[in-house]
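Asks: Supplied structure: target_38.cif, mmCIF, C-alpha atoms and all ligand atoms.
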```
data_upload
#
loop_
_atom_site.group_PDB
_atom_site.id
_atom_site.type_symbol
_atom_site.label_atom_id
_atom_site.label_comp_id
_atom_site.auth_asym_id
_atom_site.auth_seq_id
_atom_site.Cartn_x
_atom_site.Cartn_y
_atom_site.Cartn_z
ATOM 1 C CA MET A 1 -8.315 -77.042 73.581
ATOM 2 C CA ALA A 2 -11.826 -77.310 75.001
ATOM 3 C CA THR A 3 -13.886 -80.435 74.350
ATOM 4 C CA PRO A 4 -17.684 -80.472 74.044
ATOM 5 C CA HIS A 5 -18.023 -81.068 77.808
ATOM 6 C CA ILE A 6 -14.826 -79.709 79.414
ATOM 7 C CA GLU A 7 -13.693 -76.098 79.028
ATOM 8 C CA ALA A 8 -10.241 -76.453 80.665
ATOM 9 C CA LYS A 9 -7.220 -74.981 78.944
ATOM 10 C CA GLU A 10 -4.309 -77.240 78.053
ATOM 11 C CA GLY A 11 -2.062 -78.248 80.948
ATOM 12 C CA VAL A 12 -4.538 -77.331 83.668
ATOM 13 C CA ILE A 13 -5.632 -80.869 84.522
ATOM 14 C CA ALA A 14 -3.259 -83.102 86.518
ATOM 15 C CA LYS A 15 -2.091 -86.528 85.306
ATOM 16 C CA THR A 16 -4.210 -88.162 88.006
ATOM 17 C CA VAL A 17 -7.899 -87.352 88.442
ATOM 18 C CA LEU A 18 -10.122 -88.500 91.286
ATOM 19 C CA MET A 19 -13.715 -88.851 90.080
ATOM 20 C CA PRO A 20 -16.670 -88.896 92.441
ATOM 21 C CA GLY A 21 -20.081 -89.074 90.772
ATOM 22 C CA ASP A 22 -21.313 -85.845 92.312
ATOM 23 C CA PRO A 23 -19.684 -82.557 91.229
ATOM 24 C CA LEU A 24 -20.498 -81.067 94.651
ATOM 25 C CA ARG A 25 -18.513 -83.850 96.242
ATOM 26 C CA ALA A 26 -15.641 -82.945 93.903
ATOM 27 C CA GLN A 27 -15.912 -79.372 95.205
ATOM 28 C CA TYR A 28 -16.012 -80.573 98.822
ATOM 29 C CA ILE A 29 -12.899 -82.706 98.280
ATOM 30 C CA ALA A 30 -11.023 -79.847 96.609
ATOM 31 C CA GLU A 31 -11.970 -77.402 99.369
ATOM 32 C CA THR A 32 -11.291 -79.840 102.210
ATOM 33 C CA TYR A 33 -8.153 -81.673 101.126
ATOM 34 C CA LEU A 34 -6.326 -79.685 98.439
ATOM 35 C CA GLU A 35 -4.224 -76.523 98.457
ATOM 36 C CA ASN A 36 -3.778 -73.926 95.691
ATOM 37 C CA VAL A 37 -7.087 -74.990 94.133
ATOM 38 C CA VAL A 38 -8.051 -73.810 90.647
ATOM 39 C CA LYS A 39 -11.454 -74.637 89.138
ATOM 40 C CA PHE A 40 -11.131 -75.834 85.547
ATOM 41 C CA ASN A 41 -14.653 -76.787 84.560
ATOM 42 C CA ASN A 42 -18.127 -75.308 84.928
ATOM 43 C CA VAL A 43 -19.789 -76.759 81.843
ATOM 44 C CA ARG A 44 -23.118 -78.348 82.904
ATOM 45 C CA ASN A 45 -22.000 -77.713 86.508
ATOM 46 C CA MET A 46 -19.738 -80.769 86.206
ATOM 47 C CA PHE A 47 -17.114 -79.047 88.324
ATOM 48 C CA GLY A 48 -13.446 -79.944 88.067
ATOM 49 C CA PHE A 49 -10.576 -78.662 90.227
ATOM 50 C CA THR A 50 -6.804 -78.958 90.276
ATOM 51 C CA GLY A 51 -4.794 -78.464 93.441
ATOM 52 C CA THR A 52 -1.960 -79.964 95.415
ATOM 53 C CA TYR A 53 -1.983 -82.663 98.068
ATOM 54 C CA LYS A 54 1.222 -82.955 100.123
ATOM 55 C CA GLY A 55 2.879 -80.913 97.372
ATOM 56 C CA LYS A 56 1.755 -83.139 94.497
ATOM 57 C CA GLU A 57 -0.600 -81.930 91.801
ATOM 58 C CA ILE A 58 -3.918 -83.734 91.570
ATOM 59 C CA SER A 59 -7.320 -83.052 89.998
ATOM 60 C CA VAL A 60 -10.806 -83.956 91.104
ATOM 61 C CA MET A 61 -13.879 -83.825 88.859
ATOM 62 C CA GLY A 62 -17.443 -85.117 88.937
ATOM 63 C CA SER A 63 -18.370 -87.928 86.544
ATOM 64 C CA GLY A 64 -22.144 -87.750 86.768
ATOM 65 C CA MET A 65 -24.202 -90.888 87.229
ATOM 66 C CA GLY A 66 -24.094 -93.886 84.938
ATOM 67 C CA MET A 67 -21.895 -95.230 82.163
ATOM 68 C CA ALA A 68 -23.204 -92.763 79.578
ATOM 69 C CA SER A 69 -21.981 -89.854 81.691
ATOM 70 C CA ILE A 70 -18.635 -91.201 82.948
ATOM 71 C CA GLY A 71 -18.070 -92.546 79.434
ATOM 72 C CA ILE A 72 -18.038 -88.986 78.082
ATOM 73 C CA TYR A 73 -15.928 -87.339 80.780
ATOM 74 C CA SER A 74 -13.349 -90.107 81.149
ATOM 75 C CA TYR A 75 -12.860 -90.349 77.375
ATOM 76 C CA GLU A 76 -12.307 -86.616 77.019
ATOM 77 C CA LEU A 77 -9.864 -86.571 79.970
ATOM 78 C CA PHE A 78 -7.848 -89.549 78.680
ATOM 79 C CA LYS A 79 -7.910 -88.682 74.992
ATOM 80 C CA PHE A 80 -7.777 -84.883 74.852
ATOM 81 C CA TYR A 81 -6.301 -83.778 78.197
ATOM 82 C CA ASP A 82 -3.443 -86.298 78.533
ATOM 83 C CA VAL A 83 -4.785 -87.609 81.829
ATOM 84 C CA GLU A 84 -2.986 -90.871 82.704
ATOM 85 C CA ASN A 85 -4.923 -92.121 85.722
ATOM 86 C CA ILE A 86 -8.537 -91.867 86.766
ATOM 87 C CA ILE A 87 -9.548 -93.203 90.160
ATOM 88 C CA ARG A 88 -13.298 -93.356 90.572
ATOM 89 C CA ILE A 89 -14.386 -92.822 94.170
ATOM 90 C CA GLY A 90 -18.010 -93.751 94.448
ATOM 91 C CA SER A 91 -20.718 -95.524 96.337
ATOM 92 C CA CYS A 92 -22.213 -98.955 95.822
ATOM 93 C CA GLY A 93 -25.087 -101.158 96.930
ATOM 94 C CA ALA A 94 -24.099 -104.404 98.652
ATOM 95 C CA TYR A 95 -25.195 -107.725 97.122
ATOM 96 C CA SER A 96 -23.621 -109.702 99.960
ATOM 97 C CA ALA A 97 -24.784 -109.927 103.568
ATOM 98 C CA GLU A 98 -21.100 -109.990 104.549
ATOM 99 C CA LEU A 99 -20.765 -106.307 103.671
ATOM 100 C CA ASN A 100 -21.681 -103.487 106.051
ATOM 101 C CA LEU A 101 -22.498 -99.842 105.378
ATOM 102 C CA TYR A 102 -19.291 -97.806 104.911
ATOM 103 C CA ASP A 103 -17.121 -100.832 104.067
ATOM 104 C CA VAL A 104 -14.580 -99.882 101.400
ATOM 105 C CA LEU A 105 -14.253 -102.015 98.255
ATOM 106 C CA LEU A 106 -11.715 -101.945 95.436
ATOM 107 C CA ALA A 107 -12.926 -103.343 92.100
ATOM 108 C CA ASP A 108 -10.533 -105.996 90.766
ATOM 109 C CA LYS A 109 -12.982 -107.053 88.035
ATOM 110 C CA VAL A 110 -16.233 -105.617 86.731
ATOM 111 C CA TRP A 111 -19.120 -107.479 85.141
ATOM 112 C CA SER A 112 -21.860 -105.697 83.237
ATOM 113 C CA GLU A 113 -24.750 -106.561 80.939
ATOM 114 C CA SER A 114 -24.119 -103.185 79.299
ATOM 115 C CA SER A 115 -23.493 -102.784 75.558
ATOM 116 C CA PHE A 116 -20.999 -99.967 76.277
ATOM 117 C CA ALA A 117 -17.882 -101.850 75.128
ATOM 118 C CA LYS A 118 -19.580 -103.304 72.060
ATOM 119 C CA VAL A 119 -20.918 -99.935 70.951
ATOM 120 C CA GLN A 120 -17.728 -98.054 71.825
ATOM 121 C CA SER A 121 -15.173 -100.290 70.101
ATOM 122 C CA GLY A 122 -16.970 -103.325 68.689
ATOM 123 C CA GLU A 123 -15.724 -105.650 71.433
ATOM 124 C CA ASP A 124 -18.503 -107.948 72.560
ATOM 125 C CA ILE A 125 -17.264 -108.188 76.148
ATOM 126 C CA HIS A 126 -18.982 -108.014 79.513
ATOM 127 C CA VAL A 127 -15.991 -107.999 81.840
ATOM 128 C CA THR A 128 -13.417 -105.216 82.231
ATOM 129 C CA TYR A 129 -10.454 -104.804 84.573
ATOM 130 C CA PRO A 130 -8.744 -101.967 86.443
ATOM 131 C CA SER A 131 -5.047 -101.125 86.240
ATOM 132 C CA LYS A 132 -2.971 -103.620 88.223
ATOM 133 C CA GLU A 133 -0.462 -100.895 89.146
ATOM 134 C CA LEU A 134 -3.134 -98.513 90.422
ATOM 135 C CA ASN A 135 -4.787 -101.261 92.437
ATOM 136 C CA GLU A 136 -1.455 -102.255 93.977
ATOM 137 C CA GLY A 137 -0.775 -98.637 94.861
ATOM 138 C CA ILE A 138 -4.209 -98.296 96.422
ATOM 139 C CA MET A 139 -3.788 -101.469 98.494
ATOM 140 C CA ASP A 140 -0.340 -100.270 99.651
ATOM 141 C CA ALA A 141 -1.796 -96.891 100.641
ATOM 142 C CA ALA A 142 -4.646 -98.600 102.527
ATOM 143 C CA LYS A 143 -2.170 -100.800 104.391
ATOM 144 C CA LYS A 144 -0.053 -97.798 105.323
ATOM 145 C CA LEU A 145 -3.135 -96.005 106.683
ATOM 146 C CA ASN A 146 -4.394 -99.147 108.410
ATOM 147 C CA ILE A 147 -7.701 -98.955 106.491
ATOM 148 C CA ASN A 148 -9.430 -102.180 105.565
ATOM 149 C CA VAL A 149 -10.122 -102.408 101.811
ATOM 150 C CA ARG A 150 -11.731 -105.486 100.297
ATOM 151 C CA GLN A 151 -11.010 -106.392 96.672
ATOM 152 C CA GLY A 152 -13.653 -108.103 94.582
ATOM 153 C CA THR A 153 -15.900 -108.241 91.533
ATOM 154 C CA ILE A 154 -18.349 -105.373 91.042
ATOM 155 C CA HIS A 155 -21.532 -105.256 88.963
ATOM 156 C CA SER A 156 -21.819 -102.148 86.795
ATOM 157 C CA SER A 157 -25.485 -101.601 85.985
ATOM 158 C CA ASP A 158 -27.279 -99.269 83.566
ATOM 159 C CA VAL A 159 -30.416 -99.343 85.698
ATOM 160 C CA PHE A 160 -30.850 -98.130 89.272
ATOM 161 C CA TYR A 161 -34.581 -98.887 89.639
ATOM 162 C CA ARG A 162 -35.347 -102.460 88.603
ATOM 163 C CA GLU A 163 -38.902 -103.815 88.665
ATOM 164 C CA ASN A 164 -37.478 -107.149 89.728
ATOM 165 C CA PHE A 165 -34.864 -106.145 92.263
ATOM 166 C CA LYS A 166 -34.428 -109.816 93.338
ATOM 167 C CA GLU A 167 -32.460 -110.253 90.111
ATOM 168 C CA PHE A 168 -29.385 -109.179 92.096
ATOM 169 C CA GLU A 169 -29.260 -112.576 93.793
ATOM 170 C CA LYS A 170 -28.662 -114.224 90.430
ATOM 171 C CA ILE A 171 -25.887 -111.764 89.536
ATOM 172 C CA TYR A 172 -24.254 -112.367 92.913
ATOM 173 C CA VAL A 173 -24.290 -116.143 92.355
ATOM 174 C CA GLU A 174 -23.446 -116.237 88.629
ATOM 175 C CA HIS A 175 -20.812 -113.501 88.470
ATOM 176 C CA GLY A 176 -19.572 -113.293 92.049
ATOM 177 C CA ALA A 177 -20.371 -109.571 92.177
ATOM 178 C CA LEU A 178 -20.194 -108.292 95.745
ATOM 179 C CA ALA A 179 -21.863 -104.961 95.034
ATOM 180 C CA VAL A 180 -23.439 -102.777 92.357
ATOM 181 C CA GLU A 181 -22.613 -99.333 91.003
ATOM 182 C CA MET A 182 -23.141 -97.740 87.605
ATOM 183 C CA GLU A 183 -19.859 -96.448 86.136
ATOM 184 C CA SER A 184 -16.752 -98.616 86.398
ATOM 185 C CA PHE A 185 -17.368 -100.873 83.364
ATOM 186 C CA ALA A 186 -17.300 -97.863 81.018
ATOM 187 C CA LEU A 187 -14.404 -96.221 82.865
ATOM 188 C CA PHE A 188 -12.239 -99.356 82.635
ATOM 189 C CA HIS A 189 -13.132 -99.850 78.983
ATOM 190 C CA ASN A 190 -12.194 -96.264 78.097
ATOM 191 C CA ALA A 191 -8.876 -96.684 79.932
ATOM 192 C CA LYS A 192 -8.199 -99.796 77.884
ATOM 193 C CA VAL A 193 -8.959 -98.300 74.461
ATOM 194 C CA THR A 194 -6.932 -95.141 75.192
ATOM 195 C CA GLY A 195 -3.994 -97.017 76.769
ATOM 196 C CA LYS A 196 -4.493 -95.324 80.147
ATOM 197 C CA ASN A 197 -5.123 -96.459 83.734
ATOM 198 C CA ALA A 198 -8.249 -96.594 85.863
ATOM 199 C CA ALA A 199 -9.322 -97.898 89.242
ATOM 200 C CA CYS A 200 -12.520 -97.816 91.259
ATOM 201 C CA LEU A 201 -12.783 -97.420 95.023
ATOM 202 C CA LEU A 202 -16.260 -97.729 96.495
ATOM 203 C CA THR A 203 -17.925 -97.206 99.831
ATOM 204 C CA VAL A 204 -21.020 -99.256 100.622
ATOM 205 C CA SER A 205 -23.919 -96.773 100.821
ATOM 206 C CA ASP A 206 -26.815 -99.224 100.917
ATOM 207 C CA SER A 207 -27.553 -102.925 101.023
ATOM 208 C CA LEU A 208 -29.898 -104.753 98.694
ATOM 209 C CA VAL A 209 -29.848 -107.613 101.199
ATOM 210 C CA THR A 210 -30.682 -105.812 104.446
ATOM 211 C CA HIS A 211 -32.185 -102.610 102.896
ATOM 212 C CA GLU A 212 -30.058 -100.440 105.188
ATOM 213 C CA ALA A 213 -29.125 -97.148 103.573
ATOM 214 C CA THR A 214 -27.243 -93.933 104.202
ATOM 215 C CA THR A 215 -28.722 -90.513 103.457
ATOM 216 C CA ALA A 216 -27.298 -88.318 100.698
ATOM 217 C CA GLU A 217 -25.967 -85.981 103.365
ATOM 218 C CA GLU A 218 -24.270 -88.776 105.299
ATOM 219 C CA ARG A 219 -22.734 -90.006 102.059
ATOM 220 C CA GLN A 220 -21.154 -86.667 101.215
ATOM 221 C CA PHE A 221 -19.234 -86.540 104.489
ATOM 222 C CA ALA A 222 -18.829 -90.132 105.613
ATOM 223 C CA PHE A 223 -16.554 -91.347 102.864
ATOM 224 C CA THR A 224 -13.363 -90.080 104.437
ATOM 225 C CA LYS A 225 -11.703 -93.520 104.674
ATOM 226 C CA MET A 226 -11.955 -93.955 100.912
ATOM 227 C CA MET A 227 -10.764 -90.382 100.301
ATOM 228 C CA ASP A 228 -7.736 -90.842 102.541
ATOM 229 C CA VAL A 229 -6.736 -93.982 100.630
ATOM 230 C CA ALA A 230 -7.248 -92.381 97.201
ATOM 231 C CA LEU A 231 -5.269 -89.250 98.094
ATOM 232 C CA GLU A 232 -2.466 -91.194 99.752
ATOM 233 C CA MET A 233 -2.196 -93.347 96.629
ATOM 234 C CA ALA A 234 -2.304 -90.364 94.263
HETATM 235 N N1 LIG B 301 -27.535 -99.558 92.674
HETATM 236 C C1 LIG B 301 -26.775 -98.973 91.742
HETATM 237 N N2 LIG B 301 -25.831 -98.122 92.018
HETATM 238 C C2 LIG B 301 -25.626 -97.814 93.309
HETATM 239 C C3 LIG B 301 -26.392 -98.363 94.312
HETATM 240 C C4 LIG B 301 -27.383 -99.296 93.983
HETATM 241 O O1 LIG B 301 -28.089 -99.818 94.847
HETATM 242 N N3 LIG B 301 -25.952 -97.854 95.483
HETATM 243 C C5 LIG B 301 -24.960 -97.000 95.184
HETATM 244 N N4 LIG B 301 -24.759 -96.972 93.870
#
```
Write the structure described by the file as structure tokens, please.
Ligand code: HPA
Replies:
Amino acid sequence: MATPHIEAKEGVIAKTVLMPGDPLRAQYIAETYLENVVKFNNVRNMFGFTGTYKGKEISVMGSGMGMASIGIYSYELFKFYDVENIIRIGSCGAYSAELNLYDVLLADKVWSESSFAKVQSGEDIHVTYPSKELNEGIMDAAKKLNINVRQGTIHSSDVFYRENFKEFEKIYVEHGALAVEMESFALFHNAKVTGKNAACLLTVSDSLVTHEATTAEERQFAFTKMMDVALEMA
């Protein structure tokens, strides 16, 4: 039952999938945290793995960058592989001076100027929401682990490099977005149209306010707080 972008056989992907953007991070997570790991996807090097965590089956797969990419993978997982829950675990750029590098955020609302929802299902909307149940589970897991997770509105953008980067100040004021990433609007929309569940946990990797940033290498290994929360929840 392969799809155009996932070659997994039926029944190989768990009901819950953690999705980092980077397929190498998916591999790192599988190798570091999971037992009995089986790789289920190599197509376009968008690696996916299924294993067990504390005895429970879970999958982890890269989403690629941007709504176009996560839009494809999340739709195929929800629609053709019977996946029930996708938890994105990604990075974001802070729009607020209150946020520090490595703070962990949980999206409770996403605003986007993207046409993704309109093109995908005809709904002219610019706000999407995560699953209430998943978010509650994530907050419970964070509490149990004594990890501080801040809930708030996230901006999902189609564009990483803006000519007028100061535009973010307007988005912060008008939409209350604390930070920017590039995937959750499409992920939440796909969950809605397929009747499934999605959530988005983010670690602050850079700040548009202070221009502090982490390196790609630091990012791959420093996001353990977020990983612990996601795995505990799953
Ligand atoms: N912009 C968009 N997406 C991001 C950023 C950013 O600054 N940082 C991490 N993901």
Asks: Could you tell me, counting only C-alpha atoms and all ligand atoms, which protein and nucleic acid residues lie no more than 7 Å from ligand LIG 301 (chain B), written as a ChimeraX atom specification?
Replies: /A:91-93,157,160,180-182,205-208
Asks: Skipping near chain neighbours, those fewer than 6 positions away, what residues fall within 8 Å of region 125-140 of chain A using all atoms listed in the file, listed as a list in words?
Replies: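 Selected residues are Leu106, Ala107, Asp108, Lys109, Val110, Trp111, Ser112, Glu113, Ser114, Ser115, Ala117, Lys118, Val149, Phe185, Phe188, His189, Asn197, Ala198, Ala199, Cys200, Val229, Ala230 and Met233 of chain A.
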Asks: Taking the file as I've supplied it (selection: the PyMOL selection byres (((chain A and resi 226) around 8) and not hetatm)), which residues are included? Please answer as a PyMOL selection string.
Replies: chain A and resi 89+104+201-203+223-225+227-230
Asks: Could you please give me, as JSON, numbers by chain, the residues of protein, DNA or RNA lying at most 12 Å from (-24.5, -78.6, 82.5) in the coordinate frame of the file, considering all atoms listed in the file?
Replies: {"A": [4, 5, 6, 7, 23, 41, 42, 43, 44, 45, 46, 47, 62, 63, 64, 69]}
Asks: Would you compute the box with edges along x, y and z of the file around region 53-69 of chain A, including every atom the file lists for it and 4 Å extra on each side, and give its centre and edge lengths in Å to one decimal, as AutoDock Vina command-line options?
Replies:
```
--center_x -10.7 --center_y -88.1 --center_z 89.9 --size_x 35.1 --size_y 22.3 --size_z 28.5
```
Asks: Quick check on the file I pasted: which residues fall under the PyMOL selection byres (((chain A and resi 17) around 9) and not hetatm)? Write them as a list in words.
Replies: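 Checking the PyMOL selection byres (((chain A and resi 17) around 9) and not hetatm) against this file, the residues are Ile13, Ala14, Lys15, Thr16, Leu18, Met19, Thr50, Ile58, Ser59, Val60, Met61, Leu77, Val83, Glu84, Asn85, Ile86, Ile87, Arg88 and Ala234 of chain A.
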Asks: Which of these, A:Phe49, A:Tyr95, A:Tyr172, A:Tyr75, has the shortest distance to Leu34 (chain A) once you count all atoms listed in the file?
Replies: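 Among the listed residues, the smallest separation from Leu34 (chain A) belongs to A:Phe49.
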Asks: Please expand the PyMOL selection byres (((chain A and resi 101) around 7) and not hetatm) into the concrete residues it hits in this file, giving the result as a list in words.
Replies: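 Those residues are Leu99, Asn100, Tyr102, Asp103, Val204, Ser205 and Asp206 of chain A.
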Asks: Please measure the separation of CA of Pro20 (chain A) and CA of Ser184 (chain A), giving the value in Å to one decimal.
Replies: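 CA of Ser184 (chain A) lies at a distance of 11.4 Å from CA of Pro20 (chain A).
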Asks: Between A:Asn164, A:Ser96, A:Thr3, A:Thr52, which has the minimum distance to Tyr33 (chain A) (counting only C-alpha atoms)?
Replies: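 Smallest separation from Tyr33 (chain A) among the options: A:Thr52.
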Asks: Considering only C-alpha atoms, can you say which of A:Leu231, A:Gly21, A:Ala2, A:Val12 comes closest to Lys39 (chain A)?
Replies: A:Val12
Asks: Mind pulling up the distance from CA of Lys196 (chain A) to CA of Glu76 (chain A)?
Replies: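 Interatomic distance, CA of Glu76 (chain A) to CA of Lys196 (chain A): 12.1 Å.
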Asks: Mind pulling up the distance from CA of Ala179 (chain A) to CA of Glu167 (chain A)?
Replies: 12.8 Å
Asks: Measuring atom to atom with all atoms listed in the file, identify which of A:Leu105, A:Val37, A:Val209, A:Ala97 is nearest to Lys166 (chain A).
Replies: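 Answer, going by the shortest atom-to-atom distance: A:Val209.
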